[in-house]
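Novice: Data file entry.txt (compact mmCIF, C-alpha atoms and all ligand atoms) is appended below.
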```
# COMPACT_ATOMS: atom_id res chain seq x y z
CA MET A 1 0.47 39.25 -38.88
CA LEU A 2 3.29 41.06 -40.68
CA CYS A 3 6.16 38.64 -41.35
CA LEU A 4 5.79 36.86 -37.99
CA GLN A 5 5.59 33.06 -37.93
CA ALA A 6 4.27 32.66 -34.37
CA PRO A 7 1.96 34.73 -32.18
CA THR A 8 3.06 36.02 -28.79
CA ASN A 9 2.49 33.42 -26.03
CA ALA A 10 -0.98 33.77 -24.49
CA GLY A 11 0.40 34.27 -20.97
CA TRP A 12 2.46 37.35 -21.81
CA ILE A 13 -0.32 39.95 -21.72
CA GLU A 14 -1.34 38.92 -18.21
CA ALA A 15 2.24 39.28 -16.92
CA ALA A 16 2.65 42.60 -18.73
CA SER A 17 -0.66 44.16 -17.68
CA ARG A 18 -0.14 43.14 -14.04
CA ASN A 19 3.16 44.97 -13.83
CA MET A 20 2.77 48.13 -15.85
CA ILE A 21 5.64 50.00 -14.19
CA ALA A 22 8.15 47.26 -15.07
CA LEU A 23 6.71 47.19 -18.59
CA LEU A 24 6.99 50.99 -18.99
CA CYS A 25 10.60 50.99 -17.74
CA ASP A 26 11.61 48.22 -20.11
CA HIS A 27 9.66 49.83 -22.95
CA ALA A 28 11.47 53.15 -22.41
CA HIS A 29 14.81 51.34 -22.74
CA CYS A 30 13.58 49.56 -25.91
CA GLU A 31 12.85 52.94 -27.50
CA ARG A 32 16.25 54.26 -26.38
CA LYS A 33 18.00 51.20 -27.83
CA ALA A 34 16.04 51.46 -31.10
CA ALA A 35 17.34 55.05 -31.44
CA MET A 36 20.90 54.04 -30.53
CA ASN A 37 20.76 51.15 -32.97
CA GLY A 38 19.73 53.53 -35.78
CA MET A 39 22.69 55.77 -35.00
CA PHE A 40 25.02 52.75 -34.88
CA LEU A 41 23.80 51.47 -38.25
CA LEU A 42 24.37 54.79 -40.03
CA MET A 43 27.79 55.03 -38.43
CA GLN A 44 28.68 51.60 -39.89
CA TYR A 45 27.38 52.39 -43.41
CA PRO A 46 28.00 56.13 -43.92
CA GLN A 47 28.14 55.84 -47.72
CA ARG A 48 24.71 54.24 -48.05
CA ASP A 49 22.80 57.50 -48.56
CA ALA A 50 19.25 56.10 -48.31
CA LEU A 51 20.17 54.20 -45.15
CA VAL A 52 21.66 57.33 -43.57
CA ARG A 53 18.51 59.36 -44.37
CA GLU A 54 16.15 56.69 -43.05
CA MET A 55 18.20 56.19 -39.89
CA ILE A 56 18.23 59.92 -39.10
CA THR A 57 14.41 59.92 -39.29
CA LEU A 58 14.21 56.71 -37.26
CA VAL A 59 16.50 58.10 -34.54
CA GLU A 60 14.26 61.19 -34.27
CA GLU A 61 11.10 59.07 -33.99
CA GLU A 62 12.50 56.54 -31.53
CA THR A 63 13.93 59.35 -29.38
CA ALA A 64 10.47 60.98 -29.34
CA HIS A 65 8.99 57.62 -28.24
CA PHE A 66 11.65 57.36 -25.52
CA LYS A 67 10.80 60.87 -24.31
CA MET A 68 7.07 60.06 -24.30
CA ILE A 69 7.44 56.85 -22.25
CA VAL A 70 9.84 58.50 -19.78
CA GLY A 71 7.17 61.22 -19.49
CA GLU A 72 4.59 58.57 -18.60
CA LEU A 73 6.89 57.22 -15.87
CA HIS A 74 7.75 60.64 -14.46
CA GLY A 75 4.06 61.63 -14.57
CA ARG A 76 3.43 58.68 -12.25
CA GLY A 77 6.25 59.79 -9.93
CA ILE A 78 8.52 56.95 -11.03
CA SER A 79 12.14 57.21 -12.17
CA LEU A 80 13.55 55.16 -15.00
CA ARG A 81 15.07 51.95 -13.67
CA PRO A 82 18.37 50.48 -14.94
CA ASP A 83 18.12 48.50 -18.17
CA ARG A 84 17.89 44.77 -17.43
CA GLY A 85 18.80 43.70 -20.96
CA ASN A 86 16.77 42.07 -23.68
CA PHE A 87 17.20 38.30 -24.02
CA TYR A 88 15.00 38.15 -27.12
CA ALA A 89 16.92 40.82 -29.07
CA LYS A 90 20.26 39.31 -28.03
CA GLN A 91 19.25 35.86 -29.24
CA LEU A 92 18.11 37.28 -32.55
CA ALA A 93 21.21 39.45 -33.01
CA ALA A 94 23.37 36.33 -32.63
CA HIS A 95 22.11 35.28 -36.11
CA VAL A 96 23.55 38.36 -37.86
CA ARG A 97 26.41 37.12 -40.03
CA LYS A 98 29.79 38.73 -39.41
CA GLN A 99 30.87 39.72 -42.93
CA ASP A 100 29.37 42.25 -45.33
CA PRO A 101 27.27 42.32 -47.40
CA GLU A 102 25.47 39.56 -45.43
CA ARG A 103 25.95 41.49 -42.20
CA LEU A 104 24.01 44.48 -43.58
CA LEU A 105 21.19 42.29 -44.90
CA ASP A 106 20.85 40.43 -41.59
CA ALA A 107 21.06 43.59 -39.48
CA LEU A 108 18.24 45.22 -41.49
CA LEU A 109 16.06 42.10 -41.31
CA VAL A 110 16.66 41.47 -37.61
CA ASP A 111 15.64 45.09 -36.94
CA CYS A 112 12.64 44.58 -39.19
CA LEU A 113 11.55 41.53 -37.15
CA ILE A 114 11.99 43.35 -33.83
CA GLU A 115 9.81 46.20 -35.15
CA ALA A 116 7.21 43.70 -36.38
CA ARG A 117 7.13 41.92 -33.00
CA SER A 118 6.85 45.26 -31.18
CA CYS A 119 3.99 46.20 -33.48
CA GLU A 120 2.21 42.90 -32.69
CA ARG A 121 2.69 43.43 -28.95
CA PHE A 122 1.46 47.05 -29.07
CA THR A 123 -1.67 45.72 -30.79
CA ILE A 124 -2.19 43.27 -27.90
CA LEU A 125 -1.55 45.98 -25.29
CA ALA A 126 -3.89 48.45 -27.03
CA GLY A 127 -6.69 45.88 -26.89
CA CYS A 128 -6.18 44.86 -23.23
CA GLU A 129 -8.98 46.13 -20.97
CA ALA A 130 -6.86 45.72 -17.82
CA ILE A 131 -4.59 48.54 -19.05
CA PRO A 132 -5.53 52.19 -18.32
CA GLU A 133 -7.26 53.97 -21.22
CA ASP A 134 -4.54 56.65 -21.66
CA LEU A 135 -1.80 54.04 -22.03
CA ARG A 136 -3.88 52.03 -24.47
CA GLY A 137 -4.12 55.15 -26.64
CA ILE A 138 -0.33 55.45 -26.60
CA TYR A 139 0.09 51.80 -27.59
CA GLN A 140 -2.39 52.28 -30.42
CA ALA A 141 -0.36 55.22 -31.77
CA LEU A 142 2.96 53.37 -31.41
CA MET A 143 1.55 50.37 -33.26
CA SER A 144 1.34 52.24 -36.57
CA SER A 145 4.71 53.90 -36.03
CA GLU A 146 6.44 50.55 -35.50
CA GLU A 147 4.64 49.09 -38.50
CA GLY A 148 6.12 51.94 -40.54
CA HIS A 149 9.59 51.09 -39.22
CA TYR A 150 9.11 47.44 -40.10
CA LEU A 151 8.22 48.37 -43.69
CA MET A 152 11.10 50.84 -43.90
CA TYR A 153 13.65 48.17 -42.93
CA VAL A 154 12.30 45.72 -45.55
CA GLU A 155 12.35 48.42 -48.23
CA LEU A 156 15.90 49.42 -47.32
CA ALA A 157 16.97 45.77 -47.57
CA LYS A 158 15.37 45.56 -51.04
CA ARG A 159 17.25 48.66 -52.13
CA TYR A 160 20.58 46.95 -51.46
CA PHE A 161 19.73 43.29 -52.18
CA SER A 162 17.51 41.47 -54.69
CA PRO A 163 13.89 40.91 -53.59
CA ASP A 164 14.45 37.13 -53.77
CA THR A 165 17.50 37.32 -51.49
CA VAL A 166 15.59 39.51 -49.01
CA GLU A 167 12.48 37.30 -49.00
CA ALA A 168 14.50 34.10 -48.55
CA ARG A 169 16.57 35.43 -45.66
CA LEU A 170 13.52 37.05 -44.03
CA GLU A 171 11.77 33.68 -44.18
CA GLU A 172 14.74 32.00 -42.44
CA LEU A 173 15.11 34.67 -39.79
CA SER A 174 11.38 34.83 -39.12
CA HIS A 175 11.37 31.11 -38.25
CA ILE A 176 14.33 31.66 -35.92
CA GLU A 177 12.45 34.60 -34.36
CA ALA A 178 9.34 32.45 -33.89
CA ASP A 179 11.39 29.77 -32.06
CA ILE A 180 12.85 32.43 -29.76
CA VAL A 181 9.37 33.86 -29.04
CA ARG A 182 7.97 30.40 -28.20
CA SER A 183 10.82 29.92 -25.69
CA LEU A 184 10.06 33.15 -23.77
CA THR A 185 8.83 32.94 -20.18
CA ASN A 186 6.18 35.71 -20.12
CA GLN A 187 8.06 38.48 -18.35
CA PRO A 188 6.58 41.97 -17.87
CA THR A 189 8.85 43.38 -20.57
CA MET A 190 8.21 44.42 -24.19
CA HIS A 191 9.91 41.32 -25.54
CA GLY A 192 9.66 39.04 -22.50
FE FE A 201 9.57 53.20 -31.19
FE FE A 202 10.52 51.42 -34.07
```
Show me, as structure tokens, the structure contained in the file I just sent.
Ligand SMILES: [Fe+2]
Ligand SMILES: [Fe+2]

Specialist:
Amino acid sequence: MLCLQAPTNAGWIEAASRNMIALLCDHAHCERKAAMNGMFLLMQYPQRDALVREMITLVEEETAHFKMIVGELHGRGISLRPDRGNFYAKQLAAHVRKQDPERLLDALLVDCLIEARSCERFTILAGCEAIPEDLRGIYQALMSSEEGHYLMYVELAKRYFSPDTVEARLEELSHIEADIVRSLTNQPTMHG
């Protein structure tokens, strides 16, 4: 699916569906960090007009997702818990090269892969019968939104780099991402 080279481990959905509150808390923080990351990227590349426009839209959408998931928690009488970090995203971010223009290319493609993985996991969650119907509807809706973000990041990369350069680096990073995913220990988190 998408540009992913490995499916999510089979044991993840059981861990996630058994601990929906932990999953919702972590998910809320993922949406918050996606919005913050969009703001950070436009701050780093203020003269890239298309990037700035896309990031403003992304920040709005991810903030709306954050608000929605916090609403789901509060509706269940549960407060947001502290963020426990994201091992997966940290491992992937370590492969972003330090100098531009490579840094920009890698940042866009790492974000693209995170969106693609989120999209894959929302698809799994939406199809899991152990998860309440209302939440499955939310995951279904988020699935298409994250797919749109994945495509947006690839298109942005192709605006600033040749299609061959983008495809080659995406291929490399997607294999790195697959190795990271295979090493995960099935935690009740969005990328666990
Ligand atoms: Fe989102
Ligand atoms: Fe997203």

Novice: So which residues are near ligand FE 201 (chain A), meaning at most 6 Å away with all atoms listed in the file counted, given back as a list in words?

Specialist: Glu31, Glu62, His65 and Glu146 of chain A

Novice: Find the residue from A:Ala130, A:Ala116, A:Leu135, A:Leu58 that sits nearest to A:Leu41; use all atoms listed in the file when measuring.

Specialist: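 Using all atoms listed in the file, the shortest distance to A:Leu41 belongs to A:Leu58.
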
Novice: Residues within 9 Å of ligand FE 202 (chain A) should be enumerated using all atoms listed in the file and returned as number ranges by chain.

Specialist: A: 30-31, 34-35, 58-59, 61-62, 65, 111-112, 114-116, 118-119, 142, 145-150

Novice: Given the point (0.3, 39.3, -20.5) in the file's coordinates, find the residues that have an atom at most 9 Å from it, counting all atoms listed in the file, and give them as an MDAnalysis selection string.

Specialist: chainID A and resid 9:18 124:125 128 186:188

Novice: Skip A:Tyr88 itself and residues of its chain fewer than 5 positions away, then list as an mmCIF file with C-alpha atoms, in the coordinates of the input all residues within 12 Å of it, counting all atoms listed in the file.

Specialist:
```cif
data_model
loop_
_atom_site.group_PDB
_atom_site.id
_atom_site.type_symbol
_atom_site.label_atom_id
_atom_site.label_comp_id
_atom_site.auth_asym_id
_atom_site.auth_seq_id
_atom_site.Cartn_x
_atom_site.Cartn_y
_atom_site.Cartn_z
ATOM 1 C CA CYS A 30 13.580 49.560 -25.910
ATOM 2 C CA ALA A 93 21.210 39.450 -33.010
ATOM 3 C CA ALA A 94 23.370 36.330 -32.630
ATOM 4 C CA HIS A 95 22.110 35.280 -36.110
ATOM 5 C CA VAL A 110 16.660 41.470 -37.610
ATOM 6 C CA LEU A 113 11.550 41.530 -37.150
ATOM 7 C CA ILE A 114 11.990 43.350 -33.830
ATOM 8 C CA ARG A 117 7.130 41.920 -33.000
ATOM 9 C CA SER A 118 6.850 45.260 -31.180
ATOM 10 C CA ILE A 176 14.330 31.660 -35.920
ATOM 11 C CA GLU A 177 12.450 34.600 -34.360
ATOM 12 C CA ALA A 178 9.340 32.450 -33.890
ATOM 13 C CA ASP A 179 11.390 29.770 -32.060
ATOM 14 C CA ILE A 180 12.850 32.430 -29.760
ATOM 15 C CA VAL A 181 9.370 33.860 -29.040
ATOM 16 C CA ARG A 182 7.970 30.400 -28.200
ATOM 17 C CA SER A 183 10.820 29.920 -25.690
ATOM 18 C CA LEU A 184 10.060 33.150 -23.770
ATOM 19 C CA THR A 185 8.830 32.940 -20.180
ATOM 20 C CA ASN A 186 6.180 35.710 -20.120
ATOM 21 C CA GLN A 187 8.060 38.480 -18.350
ATOM 22 C CA THR A 189 8.850 43.380 -20.570
ATOM 23 C CA MET A 190 8.210 44.420 -24.190
ATOM 24 C CA HIS A 191 9.910 41.320 -25.540
ATOM 25 C CA GLY A 192 9.660 39.040 -22.500
#
```

Novice: Assuming the input is short of atoms at stretch 92-108 of chain A, produce N, CA and C atoms for that part as an mmCIF file, in the frame of the given file.

Specialist:
```cif
data_model
loop_
_atom_site.group_PDB
_atom_site.id
_atom_site.type_symbol
_atom_site.label_atom_id
_atom_site.label_comp_id
_atom_site.auth_asym_id
_atom_site.auth_seq_id
_atom_site.Cartn_x
_atom_site.Cartn_y
_atom_site.Cartn_z
ATOM 1 N N LEU A 92 18.330 37.017 -31.125
ATOM 2 C CA LEU A 92 18.110 37.280 -32.550
ATOM 3 C C LEU A 92 19.370 37.876 -33.189
ATOM 4 N N ALA A 93 19.997 38.796 -32.484
ATOM 5 C CA ALA A 93 21.210 39.450 -33.010
ATOM 6 C C ALA A 93 22.339 38.453 -33.231
ATOM 7 N N ALA A 94 22.319 37.351 -32.480
ATOM 8 C CA ALA A 94 23.370 36.330 -32.630
ATOM 9 C C ALA A 94 23.337 35.696 -34.029
ATOM 10 N N HIS A 95 22.231 35.863 -34.759
ATOM 11 C CA HIS A 95 22.110 35.280 -36.110
ATOM 12 C C HIS A 95 22.533 36.242 -37.217
ATOM 13 N N VAL A 96 23.021 37.430 -36.849
ATOM 14 C CA VAL A 96 23.550 38.360 -37.860
ATOM 15 C C VAL A 96 24.931 37.864 -38.265
ATOM 16 N N ARG A 97 25.110 37.618 -39.564
ATOM 17 C CA ARG A 97 26.410 37.120 -40.030
ATOM 18 C C ARG A 97 27.468 38.209 -39.899
ATOM 19 N N LYS A 98 28.729 37.795 -39.812
ATOM 20 C CA LYS A 98 29.790 38.730 -39.410
ATOM 21 C C LYS A 98 30.385 39.546 -40.565
ATOM 22 N N GLN A 99 30.230 39.040 -41.794
ATOM 23 C CA GLN A 99 30.870 39.720 -42.930
ATOM 24 C C GLN A 99 29.837 40.408 -43.813
ATOM 25 N N ASP A 100 30.215 41.587 -44.328
ATOM 26 C CA ASP A 100 29.370 42.250 -45.330
ATOM 27 C C ASP A 100 29.555 41.595 -46.678
ATOM 28 N N PRO A 101 28.544 41.591 -47.559
ATOM 29 C CA PRO A 101 27.270 42.320 -47.400
ATOM 30 C C PRO A 101 26.220 41.593 -46.563
ATOM 31 N N GLU A 102 26.490 40.310 -46.191
ATOM 32 C CA GLU A 102 25.470 39.560 -45.430
ATOM 33 C C GLU A 102 25.152 40.237 -44.099
ATOM 34 N N ARG A 103 26.165 40.835 -43.505
ATOM 35 C CA ARG A 103 25.950 41.490 -42.200
ATOM 36 C C ARG A 103 24.887 42.592 -42.319
ATOM 37 N N LEU A 104 24.983 43.397 -43.390
ATOM 38 C CA LEU A 104 24.010 44.480 -43.580
ATOM 39 C C LEU A 104 22.604 43.905 -43.776
ATOM 40 N N LEU A 105 22.502 42.898 -44.647
ATOM 41 C CA LEU A 105 21.190 42.290 -44.900
ATOM 42 C C LEU A 105 20.576 41.772 -43.592
ATOM 43 N N ASP A 106 21.367 41.025 -42.833
ATOM 44 C CA ASP A 106 20.850 40.430 -41.590
ATOM 45 C C ASP A 106 20.488 41.500 -40.563
ATOM 46 N N ALA A 107 21.330 42.526 -40.459
ATOM 47 C CA ALA A 107 21.060 43.590 -39.480
ATOM 48 C C ALA A 107 19.729 44.271 -39.812
ATOM 49 N N LEU A 108 19.502 44.567 -41.089
ATOM 50 C CA LEU A 108 18.240 45.220 -41.490
ATOM 51 C C LEU A 108 17.052 44.311 -41.210
#
```
